[in-house]
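K.L.:
File model-v6.cif follows (mmCIF, C-alpha atoms and all ligand atoms):
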```cif
data_upload
loop_
_atom_site.label_atom_id
_atom_site.label_comp_id
_atom_site.auth_asym_id
_atom_site.auth_seq_id
_atom_site.Cartn_x
_atom_site.Cartn_y
_atom_site.Cartn_z
CA VAL M 1 -42.51 -5.78 11.29
CA PRO M 2 -39.02 -5.82 12.78
CA ARG M 3 -36.31 -6.70 10.28
CA ARG M 4 -34.45 -9.87 10.87
CA PRO M 5 -30.96 -8.86 11.99
CA THR M 6 -28.81 -9.41 8.93
CA PHE M 7 -25.67 -10.10 10.92
CA ALA M 8 -27.17 -13.27 12.32
CA LYS M 9 -26.50 -15.43 9.32
CA PRO M 10 -24.42 -14.07 6.47
CA GLN M 11 -25.50 -15.57 3.18
CA PRO M 12 -22.88 -17.37 1.19
CA LEU M 13 -22.48 -15.96 -2.30
CA GLY M 14 -22.07 -18.85 -4.62
CA GLU M 15 -19.12 -19.29 -2.32
CA LEU M 16 -17.97 -22.57 -3.68
CA ALA M 17 -18.16 -21.29 -7.24
CA LEU M 18 -16.13 -18.19 -6.40
CA ILE M 19 -13.50 -20.13 -4.48
CA ALA M 20 -13.32 -22.67 -7.29
CA ALA M 21 -12.79 -19.81 -9.74
CA ILE M 22 -10.01 -18.36 -7.61
CA ARG M 23 -8.45 -21.77 -7.07
CA GLN M 24 -8.47 -22.52 -10.75
CA ARG M 25 -6.67 -19.27 -11.46
CA THR M 26 -3.99 -19.43 -8.81
CA SER M 27 -0.95 -21.57 -9.23
CA ALA M 28 -0.10 -22.04 -5.56
CA LYS M 29 1.21 -25.49 -6.50
CA SER M 30 4.12 -24.04 -8.40
CA HIS M 31 5.38 -22.06 -5.41
CA ARG M 32 7.76 -24.02 -3.23
CA GLN M 33 6.72 -22.19 -0.04
CA ILE M 34 3.13 -23.49 -0.40
CA ARG M 35 2.85 -27.04 0.97
CA LEU M 36 -0.94 -26.80 0.73
CA GLY M 37 -2.98 -24.04 -0.89
CA ILE M 38 -6.71 -23.52 -1.37
CA GLY M 39 -8.81 -26.62 -0.72
CA ASP M 40 -8.35 -27.53 2.93
CA ASP M 41 -9.23 -25.83 6.21
CA CYS M 42 -5.89 -24.04 6.33
CA ALA M 43 -3.04 -23.38 3.97
CA ILE M 44 0.34 -24.85 4.95
CA LEU M 45 3.38 -22.67 4.28
CA THR M 46 7.06 -23.45 4.54
CA PRO M 47 9.14 -20.29 5.00
CA PRO M 48 12.73 -20.47 3.74
CA PRO M 49 15.28 -21.71 6.32
CA ARG M 50 16.74 -19.05 8.65
CA HIS M 51 13.96 -16.61 7.74
CA GLU M 52 11.19 -15.21 9.89
CA LEU M 53 7.58 -14.47 8.97
CA LEU M 54 6.18 -10.99 8.42
CA VAL M 55 2.42 -10.51 8.44
CA THR M 56 0.31 -7.51 7.48
CA THR M 57 -3.40 -6.98 6.96
CA ASP M 58 -5.20 -4.15 5.16
CA PHE M 59 -8.85 -3.32 4.65
CA SER M 60 -10.10 -1.98 1.34
CA LEU M 61 -13.58 -0.73 2.13
CA GLU M 62 -16.00 0.78 -0.34
CA GLY M 63 -16.73 4.38 0.68
CA ARG M 64 -13.50 4.67 2.64
CA HIS M 65 -10.72 3.41 0.39
CA PHE M 66 -12.52 3.33 -2.94
CA ARG M 67 -15.87 4.23 -4.48
CA ARG M 68 -17.81 2.13 -6.95
CA ASP M 69 -18.61 5.24 -9.04
CA TRP M 70 -14.95 6.37 -9.19
CA HIS M 71 -12.95 3.14 -9.15
CA SER M 72 -13.34 0.38 -11.69
CA ALA M 73 -13.37 -3.19 -10.39
CA SER M 74 -9.83 -3.60 -11.73
CA SER M 75 -8.58 -0.54 -9.83
CA ALA M 76 -10.26 -1.81 -6.64
CA GLY M 77 -8.69 -5.27 -7.07
CA HIS M 78 -5.22 -3.89 -7.80
CA ARG M 79 -5.31 -1.44 -4.90
CA THR M 80 -6.51 -4.12 -2.47
CA LEU M 81 -3.36 -6.18 -3.03
CA ALA M 82 -0.99 -3.24 -3.60
CA ARG M 83 -1.63 -1.85 -0.11
CA GLY M 84 -0.52 -5.09 1.53
CA LEU M 85 2.44 -5.63 -0.80
CA SER M 86 3.68 -2.10 -0.06
CA ASP M 87 3.84 -2.92 3.66
CA LEU M 88 5.99 -5.98 2.87
CA ALA M 89 8.17 -3.79 0.61
CA ALA M 90 8.69 -1.33 3.46
CA MET M 91 10.32 -4.08 5.53
CA GLY M 92 12.38 -5.56 2.72
CA ALA M 93 10.33 -8.75 2.83
CA THR M 94 9.75 -11.28 0.07
CA PRO M 95 6.05 -12.19 -0.30
CA LEU M 96 5.12 -15.78 0.56
CA ALA M 97 1.34 -15.80 0.15
CA ALA M 98 -1.78 -13.64 0.11
CA PHE M 99 -5.17 -14.37 1.66
CA LEU M 100 -8.28 -12.48 0.57
CA SER M 101 -11.53 -12.08 2.47
CA LEU M 102 -14.24 -10.55 0.36
CA ALA M 103 -17.80 -9.53 1.29
CA LEU M 104 -19.94 -8.42 -1.63
CA PRO M 105 -23.41 -6.86 -1.89
CA ARG M 106 -25.88 -9.17 -3.60
CA SER M 107 -25.95 -6.98 -6.73
CA ILE M 108 -22.18 -7.37 -7.14
CA ALA M 109 -22.13 -11.04 -6.20
CA ARG M 110 -24.50 -11.60 -9.14
CA ASN M 111 -22.34 -9.52 -11.47
CA PRO M 112 -19.69 -11.91 -12.80
CA ALA M 113 -18.06 -9.11 -14.82
CA TRP M 114 -17.25 -7.06 -11.69
CA ILE M 115 -15.85 -10.09 -9.87
CA LYS M 116 -13.83 -11.17 -12.91
CA ASP M 117 -12.29 -7.71 -13.37
CA PHE M 118 -11.52 -7.42 -9.65
CA LEU M 119 -9.79 -10.82 -9.56
CA ASP M 120 -8.07 -10.39 -12.95
CA SER M 121 -6.41 -7.23 -11.75
CA LEU M 122 -5.54 -8.54 -8.29
CA LEU M 123 -4.07 -11.74 -9.74
CA THR M 124 -2.13 -9.86 -12.43
CA LEU M 125 -0.38 -7.85 -9.72
CA ALA M 126 0.08 -11.06 -7.70
CA ASN M 127 1.74 -12.76 -10.66
CA THR M 128 4.02 -9.78 -11.25
CA HIS M 129 5.37 -10.20 -7.74
CA GLU M 130 5.09 -14.02 -7.71
CA VAL M 131 2.81 -14.10 -4.69
CA PRO M 132 0.23 -16.91 -4.71
CA LEU M 133 -3.30 -16.37 -3.42
CA ALA M 134 -3.39 -19.26 -0.96
CA GLY M 135 -6.78 -18.86 0.67
CA GLY M 136 -9.53 -16.57 1.82
CA ASP M 137 -13.20 -16.27 2.60
CA THR M 138 -16.25 -14.90 0.85
CA SER M 139 -19.62 -13.73 2.09
CA GLU M 140 -22.56 -11.60 1.12
CA SER M 141 -22.27 -8.14 2.72
CA PRO M 142 -24.78 -7.31 5.44
CA VAL M 143 -27.52 -4.86 4.42
CA ALA M 144 -27.87 -1.75 6.62
CA THR M 145 -31.32 -0.57 7.74
CA ASN M 146 -31.22 2.07 4.98
CA GLY M 147 -30.82 -0.73 2.45
CA GLU M 148 -27.18 0.04 1.67
CA SER M 149 -24.62 -2.68 1.28
CA HIS M 150 -20.90 -2.31 0.60
CA ILE M 151 -17.95 -4.11 -0.93
CA LEU M 152 -15.55 -5.07 1.87
CA ALA M 153 -12.16 -6.59 1.09
CA ASP M 154 -9.47 -7.58 3.56
CA ILE M 155 -6.08 -8.71 2.31
CA ILE M 156 -3.59 -10.57 4.47
CA LEU M 157 -0.01 -10.80 3.24
CA LEU M 158 2.66 -13.13 4.57
CA GLY M 159 6.27 -12.49 3.72
CA SER M 160 9.68 -13.61 4.87
CA ALA M 161 13.00 -11.96 5.62
CA PRO M 162 16.33 -13.31 6.88
CA THR M 163 16.07 -13.56 10.66
CA GLY M 164 16.79 -10.23 12.34
CA ARG M 165 17.22 -8.36 9.06
CA ALA M 166 13.75 -6.94 8.29
CA LEU M 167 13.84 -3.16 7.79
CA ARG M 168 12.15 -1.21 10.57
CA ARG M 169 10.93 2.28 11.42
CA SER M 170 12.80 2.39 14.72
CA THR M 171 16.42 2.19 13.61
CA ALA M 172 17.23 5.58 12.02
CA ARG M 173 20.16 7.43 13.64
CA PRO M 174 21.23 11.09 13.74
CA GLY M 175 23.41 11.84 10.72
CA ASP M 176 21.57 9.34 8.49
CA ARG M 177 20.54 10.70 5.10
CA ILE M 178 16.87 10.45 4.08
CA TYR M 179 15.85 9.13 0.65
CA VAL M 180 12.61 8.50 -1.24
CA THR M 181 11.93 6.32 -4.26
CA GLY M 182 10.10 7.48 -7.37
CA THR M 183 8.09 10.69 -7.39
CA LEU M 184 5.52 12.03 -4.97
CA GLY M 185 2.15 13.73 -5.01
CA GLY M 186 0.87 11.83 -8.05
CA ALA M 187 -1.75 9.76 -6.24
CA VAL M 188 -3.59 12.65 -4.58
CA THR M 189 -3.35 14.72 -7.77
CA GLU M 190 -4.93 11.90 -9.77
CA LEU M 191 -7.55 11.39 -7.07
CA ALA M 192 -8.57 15.07 -7.36
CA ALA M 193 -8.87 14.71 -11.15
CA LEU M 194 -10.86 11.50 -10.71
CA GLN M 195 -13.17 13.24 -8.26
CA ALA M 196 -13.76 16.04 -10.80
CA SER M 197 -14.42 13.74 -13.73
CA PRO M 198 -14.78 10.02 -12.91
CA ARG M 199 -15.87 9.09 -16.45
CA LYS M 200 -12.56 10.18 -17.91
CA PHE M 201 -10.87 7.38 -15.94
CA ARG M 202 -13.37 4.64 -16.71
CA ASN M 203 -11.06 2.66 -18.97
CA ALA M 204 -7.78 3.32 -17.19
CA ILE M 205 -5.45 0.33 -17.24
CA ALA M 206 -2.68 -0.70 -14.91
CA THR M 207 0.06 -0.55 -17.52
CA ASP M 208 -0.31 3.23 -17.84
CA ASP M 209 0.99 5.49 -15.10
CA HIS M 210 -1.96 5.86 -12.72
CA PRO M 211 -0.45 6.54 -9.30
CA HIS M 212 -3.80 6.55 -7.52
CA LEU M 213 -5.75 3.92 -9.47
CA PHE M 214 -2.86 1.47 -9.93
CA PRO M 215 -0.01 2.19 -7.48
CA GLN M 216 3.12 0.05 -7.94
CA PRO M 217 4.45 -1.37 -4.66
CA ARG M 218 8.26 -1.17 -4.44
CA LEU M 219 9.02 -4.76 -3.45
CA ASN M 220 12.20 -5.07 -5.51
CA VAL M 221 13.57 -1.87 -4.03
CA GLY M 222 12.79 -2.93 -0.45
CA GLN M 223 14.42 -6.33 -0.98
CA ALA M 224 17.53 -4.69 -2.49
CA LEU M 225 17.77 -2.24 0.43
CA LEU M 226 17.79 -5.20 2.81
CA ARG M 227 20.03 -7.51 0.76
CA ARG M 228 22.62 -4.83 0.02
CA ARG M 229 22.49 -3.49 3.59
CA ILE M 230 21.80 0.03 2.34
CA ALA M 231 18.94 1.15 4.62
CA THR M 232 19.07 1.76 8.35
CA ALA M 233 15.28 2.31 8.53
CA CYS M 234 12.38 2.24 6.08
CA ILE M 235 8.64 2.94 5.75
CA ASP M 236 6.22 2.99 2.83
CA LEU M 237 4.58 6.31 1.98
CA SER M 238 0.93 5.42 2.51
CA ASP M 239 -0.01 8.61 4.37
CA GLY M 240 2.45 11.18 2.96
CA ILE M 241 5.97 12.25 3.95
CA SER M 242 4.74 14.54 6.72
CA THR M 243 3.01 11.67 8.50
CA ASP M 244 5.27 8.76 7.56
CA LEU M 245 8.59 10.52 8.27
CA THR M 246 7.10 11.51 11.63
CA HIS M 247 6.47 7.79 12.26
CA ILE M 248 10.17 7.06 11.61
CA CYS M 249 11.20 9.94 13.91
CA THR M 250 8.84 8.87 16.69
CA GLU M 251 9.85 5.21 16.55
CA SER M 252 13.58 6.03 16.24
CA ARG M 253 13.47 8.91 18.78
CA VAL M 254 15.11 11.30 16.34
CA SER M 255 14.16 14.43 14.36
CA ALA M 256 14.51 15.21 10.65
CA GLU M 257 15.15 18.03 8.22
CA ILE M 258 13.98 17.80 4.63
CA PHE M 259 14.71 20.22 1.78
CA SER M 260 11.73 21.42 -0.26
CA THR M 261 13.75 21.78 -3.49
CA GLN M 262 14.85 18.12 -3.32
CA ILE M 263 11.37 16.57 -3.11
CA PRO M 264 10.82 14.68 -6.41
CA LEU M 265 7.41 15.70 -7.81
CA HIS M 266 5.24 13.38 -9.88
CA PRO M 267 4.74 14.60 -13.48
CA LEU M 268 0.99 14.92 -12.81
CA ALA M 269 1.75 17.48 -10.08
CA HIS M 270 3.65 19.72 -12.51
CA VAL M 271 0.39 21.21 -13.80
CA LEU M 272 -0.27 22.58 -10.31
CA SER M 273 1.22 25.70 -8.74
CA PRO M 274 4.63 24.93 -7.20
CA ALA M 275 3.18 25.41 -3.71
CA GLN M 276 0.25 23.05 -4.38
CA ALA M 277 2.53 20.46 -6.01
CA LEU M 278 4.83 20.52 -2.98
CA HIS M 279 1.84 20.31 -0.64
CA ASN M 280 0.57 17.23 -2.50
CA ALA M 281 4.02 15.62 -2.36
CA LEU M 282 4.42 16.26 1.37
CA HIS M 283 0.90 15.50 2.56
CA GLY M 284 -0.88 13.66 -0.25
CA GLY M 285 -0.48 10.06 0.76
CA GLU M 286 -1.06 6.81 -1.12
CA ASP M 287 2.01 7.19 -3.35
CA TYR M 288 3.26 3.85 -1.96
CA GLU M 289 6.87 4.83 -2.59
CA LEU M 290 9.50 3.97 0.04
CA LEU M 291 11.16 6.45 2.40
CA PHE M 292 14.39 5.12 3.88
CA THR M 293 17.46 6.28 5.77
CA ALA M 294 21.11 5.33 5.23
CA ARG M 295 24.37 6.07 7.03
CA PRO M 296 26.15 9.12 5.53
CA ALA M 297 29.08 6.91 4.46
CA THR M 298 26.81 4.52 2.54
CA THR M 299 26.83 4.96 -1.22
CA VAL M 300 23.19 5.02 -2.27
CA PRO M 301 22.67 4.47 -6.02
CA ARG M 302 20.59 7.00 -7.96
CA SER M 303 18.33 4.18 -8.97
CA ILE M 304 17.55 0.84 -7.34
CA ALA M 305 15.75 -1.98 -9.17
CA GLY M 306 14.99 0.50 -11.96
CA VAL M 307 13.35 3.03 -9.62
CA PRO M 308 14.94 6.49 -9.15
CA VAL M 309 16.09 7.30 -5.63
CA SER M 310 16.35 10.91 -4.37
CA PRO M 311 18.08 12.26 -1.26
CA ILE M 312 15.67 14.64 0.49
CA GLY M 313 17.12 15.36 3.91
CA VAL M 314 18.94 14.30 7.03
CA ILE M 315 18.12 12.75 10.41
CA THR M 316 19.05 14.91 13.41
CA ALA M 317 19.13 14.37 17.15
CA ASN M 318 16.12 15.37 19.24
CA GLY M 319 16.60 18.53 21.26
CA LYS M 320 16.73 17.95 25.02
CA LYS M 321 13.29 16.82 26.20
CA HIS M 322 11.86 17.75 22.83
CA ALA M 323 9.52 15.48 21.00
CA PRO M 324 10.72 14.29 17.58
CA ARG M 325 10.02 16.87 14.90
CA VAL M 326 10.25 17.21 11.16
CA THR M 327 11.48 20.54 9.75
CA LEU M 328 10.98 21.69 6.16
CA VAL M 329 13.90 23.81 4.87
CA GLU M 330 12.81 25.96 1.92
CA ALA M 331 14.91 27.39 -0.93
CA THR M 332 15.13 30.73 0.93
CA GLY M 333 16.57 28.94 3.94
CA ALA M 334 13.30 29.47 5.84
CA ARG M 335 12.64 26.64 8.27
CA THR M 336 9.12 25.60 9.15
CA PRO M 337 7.93 22.72 11.31
CA LEU M 338 6.18 20.11 9.18
CA ALA M 339 3.15 18.83 11.05
CA PRO M 340 1.66 15.49 10.01
CA GLY M 341 -0.71 16.70 7.31
CA GLY M 342 -2.49 13.53 6.89
CA TRP M 343 -4.11 11.68 4.14
CA GLN M 344 -7.82 12.40 4.13
CA HIS M 345 -9.87 9.34 3.41
CA LEU M 346 -12.67 9.52 0.90
CA THR M 347 -15.44 10.17 3.39
MG MG M 401 2.91 0.82 5.78
#
```
Will you turn the file into structure tokens for me?
Ligand SMILES: [Mg+2]

P.N.:
Amino acid sequence: VPRRPTFAKPQPLGELALIAAIRQRTSAKSHRQIRLGIGDDCAILTPPPRHELLVTTDFSLEGRHFRRDWHSASSAGHRTLARGLSDLAAMGATPLAAFLSLALPRSIARNPAWIKDFLDSLLTLANTHEVPLAGGDTSESPVATNGESHILADIILLGSAPTGRALRRSTARPGDRIYVTGTLGGAVTELAALQASPRKFRNAIATDDHPHLFPQPRLNVGQALLRRRIATACIDLSDGISTDLTHICTESRVSAEIFSTQIPLHPLAHVLSPAQALHNALHGGEDYELLFTARPATTVPRSIAGVPVSPIGVITANGKKHAPRVTLVEATGARTPLAPGGWQHLT
């Protein structure tokens, strides 16, 4: 008997109940930018005068961005929102509202504890950054022919920045110094430990330092970089320095040199060999710190919004007809090209 195609009619999952639960727990009313939140066909937002809108959307897909056997519901919920907030941080934006689309397998949809933990964690991070959840959609996930069904979350973030002032990837200039916030390599190091022993992390909570399970988006830093006119260009480190600095170089049509001894390593990476720790910091990805550039004459504080800032290199001009390239300068003075090393997804 042929199976009825499951994409034909997605089943609602107690949709009204879930939306009512979300609505009850979000205080969109108290945010002046929300004229109308959950409860109508659309939300109505009022951006501040003389600001423009910034919009970003990020999938968090089970099996690709998280795994049910490795990540608790609260880690999955936190990471879903953190990814979008980090993109707003990279542009110096102030969050206006978040929208969440969530498809859940039937087994999860009937598991109020999973949904509660997912939303608790997502809304806790939302409250920290004063971003209201102003809408979304829910559905039961389609079931594949092998019977599998996955958690699929899509977060949409709207932010605002003074017109013409949002930080970009394309505006770095030769001579600019390169800086990163926080420490690097922690997320991939924690992911490797999680992979080896998922049960050890079962009760991890966001208030401890868990760079992979609960990354902290650097919104306050991004906003300060914009407001204080410190940065000439900025990106968030979602894929690792080697990839994300290459994005800045490509978009700005410049090259870069970074110094291996100046890369700030996450404490978790200190248990590794120095070479492995540096590799994780350069290529690990998902640290969600900011990488930015500033004119050499700009005084860049050692810490911004409570987050340490480290100088790691300098922007240089492209050679004639040469593509942008990133060079790693080691303690010995050895210079090696740094190819985008790429964050490997879970599957
Ligand atoms: Mg980004």

K.L.:
Residues of chain M that have any atom at most 12 Å from an atom of ligand MG 401 (chain M): could you tabulate them with the shortest-distance atom pair and the distance in Å to one decimal, using only C-alpha atoms and all ligand atoms, ordered by chain and increasing number, as CSV?

P.N.:
```
residue,atom,partner,partner_atom,distance
M:Val55,CA,M:MG401,MG,11.6
M:Thr56,CA,M:MG401,MG,8.9
M:Thr57,CA,M:MG401,MG,10.1
M:Asp58,CA,M:MG401,MG,9.5
M:Ala82,CA,M:MG401,MG,10.9
M:Arg83,CA,M:MG401,MG,7.9
M:Gly84,CA,M:MG401,MG,8.0
M:Leu85,CA,M:MG401,MG,9.2
M:Ser86,CA,M:MG401,MG,6.6
M:Asp87,CA,M:MG401,MG,4.4
M:Leu88,CA,M:MG401,MG,8.0
M:Ala89,CA,M:MG401,MG,8.7
M:Ala90,CA,M:MG401,MG,6.6
M:Met91,CA,M:MG401,MG,8.9
M:Gly92,CA,M:MG401,MG,11.8
M:Leu167,CA,M:MG401,MG,11.8
M:Arg168,CA,M:MG401,MG,10.6
M:Arg169,CA,M:MG401,MG,9.9
M:Pro217,CA,M:MG401,MG,10.8
M:Arg218,CA,M:MG401,MG,11.7
M:Cys234,CA,M:MG401,MG,9.6
M:Ile235,CA,M:MG401,MG,6.1
M:Asp236,CA,M:MG401,MG,4.9
M:Leu237,CA,M:MG401,MG,6.9
M:Ser238,CA,M:MG401,MG,6.0
M:Asp239,CA,M:MG401,MG,8.4
M:Gly240,CA,M:MG401,MG,10.7
M:Ile241,CA,M:MG401,MG,12.0
M:Thr243,CA,M:MG401,MG,11.2
M:Asp244,CA,M:MG401,MG,8.5
M:Leu245,CA,M:MG401,MG,11.5
M:His247,CA,M:MG401,MG,10.2
M:Ile248,CA,M:MG401,MG,11.2
M:Gly285,CA,M:MG401,MG,11.0
M:Glu286,CA,M:MG401,MG,10.0
M:Asp287,CA,M:MG401,MG,11.2
M:Tyr288,CA,M:MG401,MG,8.3
M:Glu289,CA,M:MG401,MG,10.1
M:Leu290,CA,M:MG401,MG,9.3
M:Leu291,CA,M:MG401,MG,10.5
```

K.L.:
Please compute the CA of Thr183 (chain M)-CA of Pro267 (chain M) distance, one decimal, in Å.

P.N.:
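Result for CA of Thr183 (chain M) versus CA of Pro267 (chain M): 8.0 Å, one decimal.
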
K.L.:
How many Å separate CA of Arg67 (chain M) from CA of Ser273 (chain M)?

P.N.:
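Taking CA of Arg67 (chain M) as the start and CA of Ser273 (chain M) as the end point, the length is 27.8 Å.
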
K.L.:
In file coordinates, which residues lie within 10 Å of (-7.8, -6.6, -8.9) using only C-alpha atoms, given as a list of chain:residue names?

P.N.:
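The residues near that point, listed by chain and number, are M:Ser72, M:Ala73, M:Ser74, M:Ser75, M:Ala76, M:Gly77, M:His78, M:Arg79, M:Thr80, M:Leu81, M:Ala82, M:Trp114, M:Ile115, M:Lys116, M:Asp117, M:Phe118, M:Leu119, M:Asp120, M:Ser121, M:Leu122, M:Leu123, M:Thr124, M:Leu125, M:Ala126, M:Ala206, M:Phe214.
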
K.L.:
Measuring atom to atom with only C-alpha atoms, identify which of M:Leu158, M:Ala294, M:Ile312, M:Ile38 is nearest to Ala21 (chain M).

P.N.:
M:Ile38

K.L.:
Check the smallest atom-to-atom distance from each of M:Glu52, M:Leu104, M:Ser30, M:Asp40 to Asn127 (chain M) using all atoms listed in the file, then report the winner.

P.N.:
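The answer is M:Ser30, which sits nearest to Asn127 (chain M).
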
K.L.:
At a cut-off of 8 Å, using all atoms listed in the file, what residues contact Ala281 (chain M)? Leave out same-chain residues fewer than 4 positions from it and give the result as a ChimeraX atom specification.

P.N.:
/M:184-186,240-241,263-266,277,285

K.L.:
Between CA of Ala93 (chain M) and CA of Ile205 (chain M), what distance in Å does the model show, to one decimal?

P.N.:
27.1 Å

K.L.:
Using all atoms listed in the file, find the one residue out of M:His71, M:Ala103, M:Leu61, M:Arg35 that sits nearest to Lys200 (chain M).

P.N.:
M:His71
